[in-house]
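Below is one structure, written out as structure tokens, with a few remarks after it.
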Amino acid sequence: MADVISHDTAGAAPLNRTRLLEGPQGAKPKRAISPRNIFIYGTLLLVSIYYLLPLYVMIVTSLKGMPEIRLGNIFAPPVEITFEPWVKAWATACTGLNCDGLSRGFWNSVRITIPSVILSIAIASVNGYALANWRFKGADVFFTILIFGAFIPYQVMLYPIVILLRELGIYGTLWGLILVHTIFGMPILTLLFRNYFTTVPEELFKAARVDGAGFWGIYFKIMLPMSLPIFVVAMIIQITGIWNDFLFGVVYTKPDVYPMTVQLNNIVNSVQGVKEYNVNMAATIITGLVPLFIYFISGKLFVRGIAAGAVKG
Amino acid sequence: MTSVSIRDLTLKFGSLEVLKSLNIDIDEGEFLVLLGPSGCGKSTLLNCIAGLLDISDGQIFIGGKNVTWSEPSERGIGMVFQSYALYPQMSVEGNLAFGLKNARMPKDEIAKRIARAAEVLQIEPLLQRKPAQLSGGQRQRVAIGRALVRDVDVFLFDEPLSNLDAKLRAELRVEIKRLHHRLKNTMIYVTHDQIEALTLADRIAIMRSGIIQQLDTPNEIYNRPVNLYVAGFMGSPGMNFIEGEISGAGDSIFSFASTQIPLARYPFVQEDPPKKVIFGIRPEHVTCGTAAADEPFIVDVEIEVVEPMGADTLVWSVLDGKEFRFRVDGQSQLHPGQMIRIGFDPAKASIFDAATELRL
């Protein structure tokens, strides 16, 4: 064992040690194909196919012409690829008297979503900050009422809000719907922001007060720069939620300002004429593109937001 | 001149009284340490002085001004927190400038003050870094710098060393003391570590459940604790306590079991002591072996456990049926089971009334 030099104890006599040449040593080998792996990847594959098959059918159908669809083989790839249905869905499909396709609904939805998202997040973040850091009198009662609001079914409030909007003179307008989205976003968003701000160390808040920063000073200079992740999460929740909303859109707006989802329904469910499956498929995909895009670019943050809002609350 | 005065300060959370009618006067340039176990109200008191908690009753004066209702930033205080509470998104320079910007100070004045503070604390090379890129000691210096640039009268420290490892804590303790000598500001320092308290303080206030037990110099608190609680809290390993009785009028004698300790040299603060008392002696005031021969009280004890701690060794022994600890030199060779002669001077002891627990 003369060639084995011990590095353990400097200056000490070299240890007389040797390894067993047989038997396990070093890192434990991993097998690529084991029952465990087969089970895990098999399940994942199966579930993926289950979820992706409808999407495949939609894309394939939207690229076919009507004669090809009538053959009835929904899984077959298109023989002759045509983008006609997409163009029609976007620009010329008819809903009621308007024949300018989904484009009108798309822009309506954009004009509803952007102000609603900005307004609701701005108000909810200040709410959450005040509830977490400035323990004002009645804060607990206020918070309880707000959370309770999240559990009241929307249907109960539909008609009272119709009356409310009518009295305000904004029933059937974009701003009426924006107001509704802002109000209904409040409970979950306030909870989300409150939970986030309570995780910011209290000493940081105290230090800022000693440094002479007030309510808004601390909010804008200390809290906002620290809470970008939660703002992104709130944006994802609100953009997808408001974009996908159908109920409020159909109740509180008129045909001129219908959001995209309502218009999609009107296109797909129109009873007169031939059912144009390819156009319907294209219209549905177009409508779903915005949330899909948001999910794709922010998957990780979204999961984190769900966890922060739901589990800790 | 008095720098900070607290008059009848009371704080209630609902019906729970956290601080009970506290009165403290702190002289200008004094280093006061608030010491106590967790939950005794020491940090709460500091937050009240800083204005971060609204008090229920009483008054607070800082620099002769009544600041009872003032905002924290108007009180002329700077605060250093346990977690340092540096603003993570700002550079060190931004952290130092934040308070000054809020006070709408001109830019060149801000730059001048930051330069001075950075020089005092030796953090000039760090000014452009973010707090996350600093070590614990550097962060603490920046936190002190944040109070320094604001040119405050009073520094408040809320357990600033508790987050550090033992070695760094010892280093920064000295550094805080050095800083105090240099700046000569009034400093109020909260800690639960008695070594920090003894080494740093001009005066120590020992607190227990919202009441100050004793407010005095470290030497007085260590040698002449006013009650059993203070005696037990200060010193590690703690004081030996023996319950017994006092007999004899003039040259009284403390007796328990079959042991009798003469108290002729003990300076009683009370003329007529009660019968039932608790006798306390610190382990480090006991001598052993041949040196014990000169002590007024000598006894033989059996060694039970020996704990060598490097510089010295703690010996657990049995004195007439009672557990008795004493400290000997680190090089002494003692073994469990061995009989040894120990002695001490009762003048160094502390005697408390068994009923009221107050010093006699």
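By order in the structure tokens, chains are A, B, ...; within a chain, residues start at 1; ligands start at 1, following the order shown.
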
Show me, as a PDB file with C-alpha atoms, in the first residue's frame, the residues that have an atom within 12 Å of Ile236 (chain A) when counting only C-alpha atoms, minus same-chain residues fewer than 5 positions from it.
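This went into part-v3.pdb:
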```
ATOM      1  CA  THR A 113     -59.117  42.905 -21.173  1.00  0.00           C
ATOM      2  CA  ILE A 114     -56.385  45.534 -21.059  1.00  0.00           C
ATOM      3  CA  VAL A 117     -56.371  43.834 -16.021  1.00  0.00           C
ATOM      4  CA  ILE A 118     -54.584  47.101 -15.291  1.00  0.00           C
ATOM      5  CA  ILE A 121     -54.311  44.673 -10.440  1.00  0.00           C
ATOM      6  CA  LEU A 189     -56.266  39.189  -6.424  1.00  0.00           C
ATOM      7  CA  PRO A 229     -43.154  37.960  -9.912  1.00  0.00           C
ATOM      8  CA  ILE A 230     -46.510  38.268  -8.200  1.00  0.00           C
ATOM      9  CA  PHE A 231     -47.563  41.018 -10.612  1.00  0.00           C
ATOM     10  CA  GLY A 241     -59.745  34.784 -16.909  1.00  0.00           C
ATOM     11  CA  ILE A 242     -61.159  37.889 -18.555  1.00  0.00           C
ATOM     12  CA  TRP A 243     -60.363  36.736 -22.085  1.00  0.00           C
ATOM     13  CA  ASN A 244     -62.145  33.436 -21.488  1.00  0.00           C
ATOM     14  CA  VAL A 290     -54.275  34.511 -26.564  1.00  0.00           C
ATOM     15  CA  PRO A 291     -54.599  32.409 -23.358  1.00  0.00           C
ATOM     16  CA  LEU A 292     -52.571  29.647 -25.022  1.00  0.00           C
ATOM     17  CA  PHE A 293     -49.795  32.105 -25.800  1.00  0.00           C
ATOM     18  CA  ILE A 294     -49.860  33.473 -22.233  1.00  0.00           C
ATOM     19  CA  TYR A 295     -49.669  29.963 -20.766  1.00  0.00           C
ATOM     20  CA  PHE A 296     -46.795  29.021 -23.007  1.00  0.00           C
ATOM     21  CA  ILE A 297     -44.580  31.966 -22.154  1.00  0.00           C
ATOM     22  CA  SER A 298     -45.304  31.863 -18.447  1.00  0.00           C
ATOM     23  CA  GLY A 299     -46.105  28.291 -17.421  1.00  0.00           C
ATOM     24  CA  LYS A 300     -43.797  28.204 -14.421  1.00  0.00           C
ATOM     25  CA  LEU A 301     -44.944  31.539 -12.995  1.00  0.00           C
ATOM     26  CA  PHE A 302     -48.559  30.527 -13.367  1.00  0.00           C
ATOM     27  CA  VAL A 303     -48.125  27.394 -11.301  1.00  0.00           C
ATOM     28  CA  ARG A 304     -46.297  29.397  -8.661  1.00  0.00           C
ATOM     29  CA  GLY A 305     -49.152  31.883  -8.539  1.00  0.00           C
ATOM     30  CA  ILE A 306     -51.782  29.176  -8.132  1.00  0.00           C
TER      31      ILE A 306
END
```

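Residues of chain A having any atom within 12 Å of chain B, counting only C-alpha atoms, are A:Trp134, A:Arg135, A:Val200, A:Pro201, A:Glu202, A:Glu203, A:Leu204, A:Phe205, A:Lys206, A:Ala207, A:Ala208, A:Arg209, A:Val210, A:Asp211, A:Gly212, A:Ala213, A:Gly214, A:Trp216, A:Gly217, A:Ile218, A:Lys221, A:Ile222, A:Met223, A:Leu224, A:Pro225, A:Met226, A:Ser227, A:Leu228.
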
Using the selection just defined, write its residues with C-alpha atoms as an mmCIF file, in the first residue's frame.
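To be explicit, this is the file written out as result_22.cif:
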```
data_model
loop_
_atom_site.group_PDB
_atom_site.id
_atom_site.type_symbol
_atom_site.label_atom_id
_atom_site.label_comp_id
_atom_site.auth_asym_id
_atom_site.auth_seq_id
_atom_site.Cartn_x
_atom_site.Cartn_y
_atom_site.Cartn_z
ATOM 1 C CA TRP A 134 -50.782 48.731 7.642
ATOM 2 C CA ARG A 135 -52.969 47.045 10.185
ATOM 3 C CA VAL A 200 -41.883 40.431 2.769
ATOM 4 C CA PRO A 201 -39.945 40.775 6.057
ATOM 5 C CA GLU A 202 -41.646 43.188 8.427
ATOM 6 C CA GLU A 203 -38.321 44.739 9.377
ATOM 7 C CA LEU A 204 -37.938 46.024 5.823
ATOM 8 C CA PHE A 205 -41.182 47.890 6.195
ATOM 9 C CA LYS A 206 -40.120 49.245 9.595
ATOM 10 C CA ALA A 207 -36.753 50.361 8.208
ATOM 11 C CA ALA A 208 -38.508 52.278 5.439
ATOM 12 C CA ARG A 209 -40.714 54.009 7.984
ATOM 13 C CA VAL A 210 -37.686 55.012 10.038
ATOM 14 C CA ASP A 211 -36.212 56.327 6.790
ATOM 15 C CA GLY A 212 -39.220 58.592 6.432
ATOM 16 C CA ALA A 213 -41.141 56.872 3.634
ATOM 17 C CA GLY A 214 -44.936 57.090 3.829
ATOM 18 C CA TRP A 216 -47.186 55.464 -1.090
ATOM 19 C CA GLY A 217 -43.439 55.904 -0.752
ATOM 20 C CA ILE A 218 -43.042 52.418 0.686
ATOM 21 C CA LYS A 221 -40.134 52.373 -3.872
ATOM 22 C CA ILE A 222 -39.860 49.262 -1.678
ATOM 23 C CA MET A 223 -42.768 46.900 -2.284
ATOM 24 C CA LEU A 224 -43.347 47.285 -6.040
ATOM 25 C CA PRO A 225 -39.754 46.616 -7.133
ATOM 26 C CA MET A 226 -39.699 43.525 -4.908
ATOM 27 C CA SER A 227 -42.934 42.004 -6.128
ATOM 28 C CA LEU A 228 -42.573 41.734 -9.893
#
```

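Ranking B:Gly280, B:Pro106, B:Pro346, B:Gly94 by their shortest atom-to-atom distance to Ala231 (chain B), with only C-alpha atoms included, puts B:Gly280 first.
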
Neighbouring residues of region 1-3 of chain B were defined as those with any atom within 12 Å, considering only C-alpha atoms; residues of the same chain fewer than 2 positions away were excluded. Please report them as a PDB file with C-alpha atoms, in the first residue's frame.
```pdb
ATOM      1  CA  SER B   5     -36.418  59.909  28.674  1.00  0.00           C
ATOM      2  CA  ILE B   6     -39.243  57.475  29.077  1.00  0.00           C
ATOM      3  CA  ILE B  24     -35.863  55.209  32.064  1.00  0.00           C
ATOM      4  CA  ASP B  25     -33.482  58.141  31.679  1.00  0.00           C
ATOM      5  CA  ILE B  26     -30.602  57.673  29.270  1.00  0.00           C
ATOM      6  CA  ASP B  27     -27.733  60.134  29.300  1.00  0.00           C
ATOM      7  CA  GLU B  28     -26.237  61.622  26.189  1.00  0.00           C
ATOM      8  CA  GLY B  29     -23.573  59.335  24.732  1.00  0.00           C
ATOM      9  CA  GLU B  30     -24.608  56.467  26.956  1.00  0.00           C
ATOM     10  CA  PHE B  31     -24.709  52.866  25.746  1.00  0.00           C
ATOM     11  CA  LEU B  32     -27.764  51.233  27.276  1.00  0.00           C
ATOM     12  CA  ILE B  60     -41.204  59.659  25.337  1.00  0.00           C
ATOM     13  CA  PHE B  61     -38.635  62.463  25.082  1.00  0.00           C
ATOM     14  CA  ILE B  62     -35.679  62.373  22.717  1.00  0.00           C
ATOM     15  CA  GLY B  63     -33.144  65.206  22.859  1.00  0.00           C
ATOM     16  CA  GLY B  64     -35.427  67.172  25.163  1.00  0.00           C
ATOM     17  CA  LYS B  65     -38.292  67.083  22.654  1.00  0.00           C
ATOM     18  CA  ASN B  66     -41.585  65.350  23.347  1.00  0.00           C
ATOM     19  CA  ARG B  75     -37.635  61.432  16.149  1.00  0.00           C
ATOM     20  CA  GLY B  76     -33.943  61.740  15.375  1.00  0.00           C
ATOM     21  CA  ILE B  77     -33.362  58.012  15.624  1.00  0.00           C
ATOM     22  CA  VAL B 152     -29.349  60.989  14.223  1.00  0.00           C
ATOM     23  CA  ASP B 153     -28.968  61.558  17.955  1.00  0.00           C
ATOM     24  CA  VAL B 154     -29.885  58.054  19.006  1.00  0.00           C
ATOM     25  CA  PHE B 155     -28.996  54.673  17.521  1.00  0.00           C
ATOM     26  CA  LYS B 184     -20.254  59.181  21.006  1.00  0.00           C
ATOM     27  CA  ASN B 185     -23.938  58.877  20.129  1.00  0.00           C
ATOM     28  CA  THR B 186     -26.527  57.597  22.518  1.00  0.00           C
ATOM     29  CA  MET B 187     -27.146  53.944  21.747  1.00  0.00           C
ATOM     30  CA  ILE B 188     -29.895  51.633  22.897  1.00  0.00           C
TER      31      ILE B 188
END
```

If you run DSSP on the backbone, which residues of region 52-184 of chain B are alpha helix (DSSP H), as a ChimeraX atom specification? /B:92-102,107-121,136-149,166-183
